[in-house]
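Trainee: Sharing query16.cif below, mmCIF, C-alpha atoms, pLDDT in the B column; chains and numbers go by the auth columns:
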data_entry
loop_
_atom_site.group_PDB
_atom_site.id
_atom_site.type_symbol
_atom_site.label_atom_id
_atom_site.label_comp_id
_atom_site.label_asym_id
_atom_site.label_seq_id
_atom_site.Cartn_x
_atom_site.Cartn_y
_atom_site.Cartn_z
_atom_site.B_iso_or_equiv
_atom_site.auth_seq_id
_atom_site.auth_asym_id
ATOM 1 C CA MET A 1 33.496 91.685 43.479 86.00 3 C
ATOM 2 C CA LEU A 2 35.729 94.760 43.636 90.00 4 C
ATOM 3 C CA ILE A 3 34.146 98.203 43.583 92.00 5 C
ATOM 4 C CA SER A 4 36.453 99.141 40.695 91.00 6 C
ATOM 5 C CA GLU A 5 34.501 96.671 38.538 91.00 7 C
ATOM 6 C CA VAL A 6 31.280 98.703 38.821 90.00 8 C
ATOM 7 C CA MET A 7 32.560 102.257 39.310 93.00 9 C
ATOM 8 C CA THR A 8 32.264 105.051 36.775 92.00 10 C
ATOM 9 C CA HIS A 9 35.776 106.017 35.713 93.00 11 C
ATOM 10 C CA ALA A 10 34.986 109.402 34.137 92.00 12 C
ATOM 11 C CA VAL A 11 34.297 111.508 37.228 95.00 13 C
ATOM 12 C CA VAL A 12 33.142 115.081 36.760 97.00 14 C
ATOM 13 C CA SER A 13 35.200 117.349 39.005 97.00 15 C
ATOM 14 C CA ALA A 14 35.722 121.038 39.659 97.00 16 C
ATOM 15 C CA ASP A 15 38.222 123.094 41.608 97.00 17 C
ATOM 16 C CA VAL A 16 37.311 124.576 45.004 96.00 18 C
ATOM 17 C CA GLY A 17 37.616 128.048 43.440 96.00 19 C
ATOM 18 C CA ASP A 18 35.271 127.353 40.523 97.00 20 C
ATOM 19 C CA THR A 19 31.937 129.142 40.744 96.00 21 C
ATOM 20 C CA LEU A 20 28.612 127.551 41.593 95.00 22 C
ATOM 21 C CA ARG A 21 27.462 128.676 38.149 95.00 23 C
ATOM 22 C CA HIS A 22 30.350 126.720 36.571 97.00 24 C
ATOM 23 C CA VAL A 23 29.482 123.617 38.602 97.00 25 C
ATOM 24 C CA GLY A 24 25.838 123.873 37.541 95.00 26 C
ATOM 25 C CA GLY A 25 26.968 124.139 33.925 97.00 27 C
ATOM 26 C CA LEU A 26 29.111 121.022 34.318 97.00 28 C
ATOM 27 C CA MET A 27 26.139 119.136 35.730 96.00 29 C
ATOM 28 C CA ARG A 28 23.962 120.166 32.788 97.00 30 C
ATOM 29 C CA GLU A 29 26.618 119.486 30.111 97.00 31 C
ATOM 30 C CA ARG A 30 27.686 116.116 31.508 96.00 32 C
ATOM 31 C CA ASN A 31 24.193 115.079 32.676 95.00 33 C
ATOM 32 C CA VAL A 32 25.290 114.295 36.237 94.00 34 C
ATOM 33 C CA GLY A 33 23.826 115.031 39.655 92.00 35 C
ATOM 34 C CA SER A 34 27.098 115.566 41.479 94.00 36 C
ATOM 35 C CA VAL A 35 30.558 117.007 41.011 96.00 37 C
ATOM 36 C CA VAL A 36 33.614 116.081 43.077 97.00 38 C
ATOM 37 C CA VAL A 37 35.331 119.239 44.328 97.00 39 C
ATOM 38 C CA CYS A 38 39.132 119.156 44.301 96.00 40 C
ATOM 39 C CA ASP A 39 41.837 121.333 45.798 94.00 41 C
ATOM 40 C CA GLY A 40 45.028 121.163 43.768 88.00 42 C
ATOM 41 C CA GLY A 41 43.812 117.961 42.118 85.00 43 C
ATOM 42 C CA ARG A 42 43.061 116.276 45.468 92.00 44 C
ATOM 43 C CA PRO A 43 39.337 115.550 46.158 95.00 45 C
ATOM 44 C CA VAL A 44 38.021 117.385 49.216 95.00 46 C
ATOM 45 C CA GLY A 45 34.223 117.346 48.888 95.00 47 C
ATOM 46 C CA VAL A 46 31.168 116.722 46.755 95.00 48 C
ATOM 47 C CA ILE A 47 28.512 119.139 45.579 95.00 49 C
ATOM 48 C CA THR A 48 25.192 117.725 44.397 92.00 50 C
ATOM 49 C CA ASP A 49 22.404 119.224 42.351 92.00 51 C
ATOM 50 C CA ARG A 50 20.417 119.458 45.603 89.00 52 C
ATOM 51 C CA ASP A 51 23.289 121.280 47.347 89.00 53 C
ATOM 52 C CA LEU A 52 23.431 123.701 44.431 90.00 54 C
ATOM 53 C CA ALA A 53 19.683 124.361 44.422 89.00 55 C
ATOM 54 C CA LEU A 54 19.544 124.924 48.183 88.00 56 C
ATOM 55 C CA ALA A 55 22.617 127.159 48.225 85.00 57 C
ATOM 56 C CA VAL A 56 21.488 129.445 45.426 82.00 58 C
ATOM 57 C CA LEU A 57 17.704 129.389 45.800 81.00 59 C
ATOM 58 C CA ALA A 58 17.074 128.812 49.490 81.00 60 C
ATOM 59 C CA ASP A 59 20.182 130.442 50.968 83.00 61 C
ATOM 60 C CA SER A 60 20.612 133.184 48.338 86.00 62 C
ATOM 61 C CA ALA A 61 24.247 132.250 47.714 86.00 63 C
ATOM 62 C CA ASP A 62 26.024 134.148 44.972 91.00 64 C
ATOM 63 C CA PRO A 63 26.068 131.956 41.837 92.00 65 C
ATOM 64 C CA ASP A 64 29.540 133.356 41.212 94.00 66 C
ATOM 65 C CA GLY A 65 30.703 132.282 44.687 93.00 67 C
ATOM 66 C CA ALA A 66 33.205 129.474 45.209 94.00 68 C
ATOM 67 C CA ALA A 67 31.878 125.939 44.898 93.00 69 C
ATOM 68 C CA GLY A 68 34.238 124.776 47.630 92.00 70 C
ATOM 69 C CA ASP A 69 32.259 126.789 50.181 92.00 71 C
ATOM 70 C CA HIS A 70 29.145 124.710 49.451 90.00 72 C
ATOM 71 C CA ALA A 71 30.572 121.221 48.973 92.00 73 C
ATOM 72 C CA SER A 72 29.755 118.470 51.449 90.00 74 C
ATOM 73 C CA GLN A 73 32.802 118.047 53.655 88.00 75 C
ATOM 74 C CA PRO A 74 34.651 116.195 54.977 90.00 76 C
ATOM 75 C CA LEU A 75 34.825 113.927 51.975 93.00 77 C
ATOM 76 C CA VAL A 76 33.742 110.343 52.533 95.00 78 C
ATOM 77 C CA ALA A 77 35.608 108.293 49.967 96.00 79 C
ATOM 78 C CA GLY A 78 36.476 104.693 49.295 96.00 80 C
ATOM 79 C CA ASP A 79 39.458 102.982 47.720 96.00 81 C
ATOM 80 C CA ILE A 80 39.373 101.299 44.327 95.00 82 C
ATOM 81 C CA GLY A 81 40.639 98.105 45.950 95.00 83 C
ATOM 82 C CA MET A 82 37.574 97.814 48.203 95.00 84 C
ATOM 83 C CA ASP A 83 35.126 94.980 47.962 92.00 85 C
ATOM 84 C CA LEU A 84 31.628 95.977 46.786 87.00 86 C
ATOM 85 C CA ASP A 85 30.070 95.024 50.133 84.00 87 C
ATOM 86 C CA GLU A 86 32.610 97.159 52.009 91.00 88 C
ATOM 87 C CA ALA A 87 31.837 100.168 49.793 90.00 89 C
ATOM 88 C CA ALA A 88 28.094 99.624 50.254 86.00 90 C
ATOM 89 C CA GLY A 89 28.642 99.480 54.010 87.00 91 C
ATOM 90 C CA LEU A 90 30.471 102.806 53.890 91.00 92 C
ATOM 91 C CA MET A 91 27.603 104.358 51.930 88.00 93 C
ATOM 92 C CA MET A 92 25.066 103.041 54.459 84.00 94 C
ATOM 93 C CA GLN A 93 27.115 104.127 57.467 88.00 95 C
ATOM 94 C CA HIS A 94 27.396 107.697 56.179 89.00 96 C
ATOM 95 C CA HIS A 95 23.966 107.815 54.497 86.00 97 C
ATOM 96 C CA ILE A 96 25.396 108.827 51.123 89.00 98 C
ATOM 97 C CA ARG A 97 24.194 108.005 47.606 88.00 99 C
ATOM 98 C CA ARG A 98 27.545 108.665 45.906 92.00 100 C
ATOM 99 C CA LEU A 99 30.981 107.428 46.906 95.00 101 C
ATOM 100 C CA PRO A 100 34.065 108.930 45.249 96.00 102 C
ATOM 101 C CA LEU A 101 36.826 106.349 44.876 96.00 103 C
ATOM 102 C CA LEU A 102 40.511 107.045 45.287 95.00 104 C
ATOM 103 C CA ASP A 103 43.674 105.400 44.066 94.00 105 C
ATOM 104 C CA GLY A 104 46.088 106.637 46.711 92.00 106 C
ATOM 105 C CA ASP A 105 45.103 110.290 47.098 89.00 107 C
ATOM 106 C CA GLN A 106 43.981 110.702 43.465 92.00 108 C
ATOM 107 C CA LEU A 107 40.381 110.588 42.272 95.00 109 C
ATOM 108 C CA ALA A 108 39.918 107.397 40.255 95.00 110 C
ATOM 109 C CA GLY A 109 36.158 106.942 39.983 95.00 111 C
ATOM 110 C CA ILE A 110 32.777 107.202 41.637 96.00 112 C
ATOM 111 C CA VAL A 111 30.069 104.695 42.483 93.00 113 C
ATOM 112 C CA THR A 112 26.402 105.435 43.124 89.00 114 C
ATOM 113 C CA ILE A 113 23.494 103.455 44.525 82.00 115 C
ATOM 114 C CA ASP A 114 22.276 103.082 40.943 80.00 116 C
ATOM 115 C CA ASP A 115 25.623 101.571 39.925 80.00 117 C
ATOM 116 C CA VAL A 116 25.282 99.008 42.685 77.00 118 C
ATOM 117 C CA ALA A 117 21.792 98.050 41.491 74.00 119 C
ATOM 118 C CA VAL A 118 22.290 98.117 37.733 76.00 120 C
ATOM 119 C CA ARG A 119 25.857 96.948 37.256 73.00 121 C
ATOM 120 C CA THR A 120 25.868 94.180 39.832 72.00 122 C
ATOM 121 C CA GLY A 121 22.317 92.934 39.503 75.00 123 C
ATOM 122 C CA ASP A 122 22.304 92.587 43.294 74.00 124 C
ATOM 123 C CA LEU A 123 18.860 94.022 43.972 76.00 125 C
ATOM 124 C CA GLU A 124 18.914 93.027 47.646 80.00 126 C
ATOM 125 C CA LEU A 125 22.131 94.961 48.283 74.00 127 C
ATOM 126 C CA ALA A 126 20.833 97.967 46.343 74.00 128 C
ATOM 127 C CA GLN A 127 17.589 97.966 48.369 80.00 129 C
ATOM 128 C CA ARG A 128 19.503 97.762 51.667 78.00 130 C
ATOM 129 C CA VAL A 129 21.759 100.676 50.706 77.00 131 C
ATOM 130 C CA THR A 130 18.814 102.754 49.471 77.00 132 C
ATOM 131 C CA ALA A 131 16.817 102.118 52.654 80.00 133 C
ATOM 132 C CA GLU A 132 19.712 103.099 54.937 76.00 134 C
ATOM 133 C CA VAL A 133 20.576 106.202 52.928 73.00 135 C
ATOM 134 C CA ALA A 134 16.915 107.256 52.928 75.00 136 C
ATOM 135 C CA LYS A 135 16.756 106.902 56.710 73.00 137 C
ATOM 136 C CA GLY A 136 19.601 109.410 56.977 64.00 138 C
ATOM 137 C CA ALA A 137 17.694 111.918 54.851 61.00 139 C
ATOM 138 C CA ILE A 138 14.368 111.649 56.686 62.00 140 C
ATOM 139 C CA PRO A 139 13.937 113.215 60.133 55.00 141 C
ATOM 140 C CA GLU A 140 13.918 110.713 62.972 56.00 142 C
ATOM 141 C CA PHE A 141 10.467 111.835 64.126 50.00 143 C
ATOM 142 C CA PHE A 142 8.993 110.419 60.897 49.00 144 C
ATOM 143 C CA PHE A 143 9.933 106.885 61.937 49.00 145 C
ATOM 144 C CA HIS A 144 8.901 107.445 65.538 49.00 146 C
ATOM 145 C CA TRP A 145 5.445 108.813 64.723 49.00 147 C
ATOM 146 C CA ARG A 146 4.762 106.130 62.157 45.00 148 C
ATOM 147 C CA GLY A 147 6.141 103.322 64.266 48.00 149 C
ATOM 148 C CA GLY A 148 9.072 102.532 61.899 47.00 150 C
#
When written as structure tokens, how does the structure in this file appear?

Mentor:
Amino acid sequence: MLISEVMTHAVVSADVGDTLRHVGGLMRERNVGSVVVCDGGRPVGVITDRDLALAVLADSADPDGAAGDHASQPLVAGDIGMDLDEAAGLMMQHHIRRLPLLDGDQLAGIVTIDDVAVRTGDLELAQRVTAEVAKGAIPEFFFHWRGG
């Protein structure tokens, strides 16, 4: 199965110069947890609701500061011609929950762990991806101390 068969085509994006406040508004209006940040129409990073909360609340970033300064970079992206398993492997390798998809150098879609689970019905693949991504988010000492 190709990743383009399960991806979301309507990707919410913002320009690197847009404010954090604007990005937060996009997330609220479009009911999404991430926005792909573009420079001149070319995707260069992703900013998540968690990134936004940490930047503004924990790091006291200016809500009117540029979103591009707080986006996760470099961008890890896939190609719309990828096989689903290849895209899942990329997500596991980089411990990411969201994978922007490109057609050439243009943003064409995005796929999330939830898309993999819901749209494919492949619960085993979704569980594998979720477990690997979670390992990347949890400090290594957690697994060592608990024997995992």

Trainee: Using all atoms listed in the file, can you tell me which of C:Ala90, C:Val13, C:Ala60, C:Val25 comes closest to Ala128 in chain C?

Mentor: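 When distances to Ala128 in chain C are compared using all atoms listed in the file, the smallest one comes from C:Ala90.
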
Trainee: Written as a short mmCIF file (atom, residue, chain, number, x, y, z; two decimals) with C-alpha atoms, in the frame of the given file, which residues does the PyMOL selection byres ((chain C and resi 11) around 12) give for the file shown?

Mentor:
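Below you can see expr-v5.cif, which holds the result:
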data_model
loop_
_atom_site.label_atom_id
_atom_site.label_comp_id
_atom_site.auth_asym_id
_atom_site.auth_seq_id
_atom_site.Cartn_x
_atom_site.Cartn_y
_atom_site.Cartn_z
CA ILE C 5 34.15 98.20 43.58
CA SER C 6 36.45 99.14 40.70
CA GLU C 7 34.50 96.67 38.54
CA VAL C 8 31.28 98.70 38.82
CA MET C 9 32.56 102.26 39.31
CA THR C 10 32.26 105.05 36.78
CA ALA C 12 34.99 109.40 34.14
CA VAL C 13 34.30 111.51 37.23
CA VAL C 14 33.14 115.08 36.76
CA SER C 15 35.20 117.35 39.01
CA ILE C 82 39.37 101.30 44.33
CA PRO C 102 34.06 108.93 45.25
CA LEU C 103 36.83 106.35 44.88
CA LEU C 104 40.51 107.04 45.29
CA ASP C 105 43.67 105.40 44.07
CA LEU C 109 40.38 110.59 42.27
CA ALA C 110 39.92 107.40 40.26
CA GLY C 111 36.16 106.94 39.98
CA ILE C 112 32.78 107.20 41.64
CA VAL C 113 30.07 104.70 42.48
CA THR C 114 26.40 105.44 43.12
CA ASP C 117 25.62 101.57 39.92
#

Trainee: Given the PyMOL selection byres ((chain C and resi 40) around 10) and the file above, list the residues it selects as a list in words.

Mentor: Ser15, Ala16, Asp17, Val18, Gly19, Asp20, Val37, Val38, Val39, Asp41, Gly42, Gly43, Arg44, Pro45, Val46, Gly47, Val48, Ala69, Gly70, Ala73, Gln108 and Leu109 of chain C

Trainee: Go ahead and compute the interatomic distance for CA of Pro76 in chain C and CA of Thr50 in chain C, in Å to one decimal.

Mentor: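 Computing the Euclidean distance for CA of Pro76 in chain C and CA of Thr50 in chain C yields 14.3 Å.
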
Trainee: Please compute the CA of Asp107 in chain C-CA of Leu28 in chain C distance, one decimal, in Å.

Mentor: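 Computed distance, CA of Asp107 in chain C to CA of Leu28 in chain C, equals 23.1 Å.
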
Trainee: Here is a test: counting only C-alpha atoms, which residue of C:Leu77, C:Ala89, C:Ala136, C:Val120 is nearest to Met3 in chain C?

Mentor: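 Between C:Leu77, C:Ala89, C:Ala136, C:Val120, the residue approaching Met3 in chain C most closely is C:Ala89.
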
Trainee: If you measure from CA of Gly67 in chain C to CA of Asp51 in chain C, what distance in Å do you get, rounded to one decimal?

Mentor: 15.6 Å

Trainee: Which of these, C:Arg99, C:His72, C:Arg30, C:Arg121, has the shortest distance to Ala133 in chain C once you count all atoms listed in the file?

Mentor: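 For Ala133 in chain C, the nearest of the given residues is C:Arg99.
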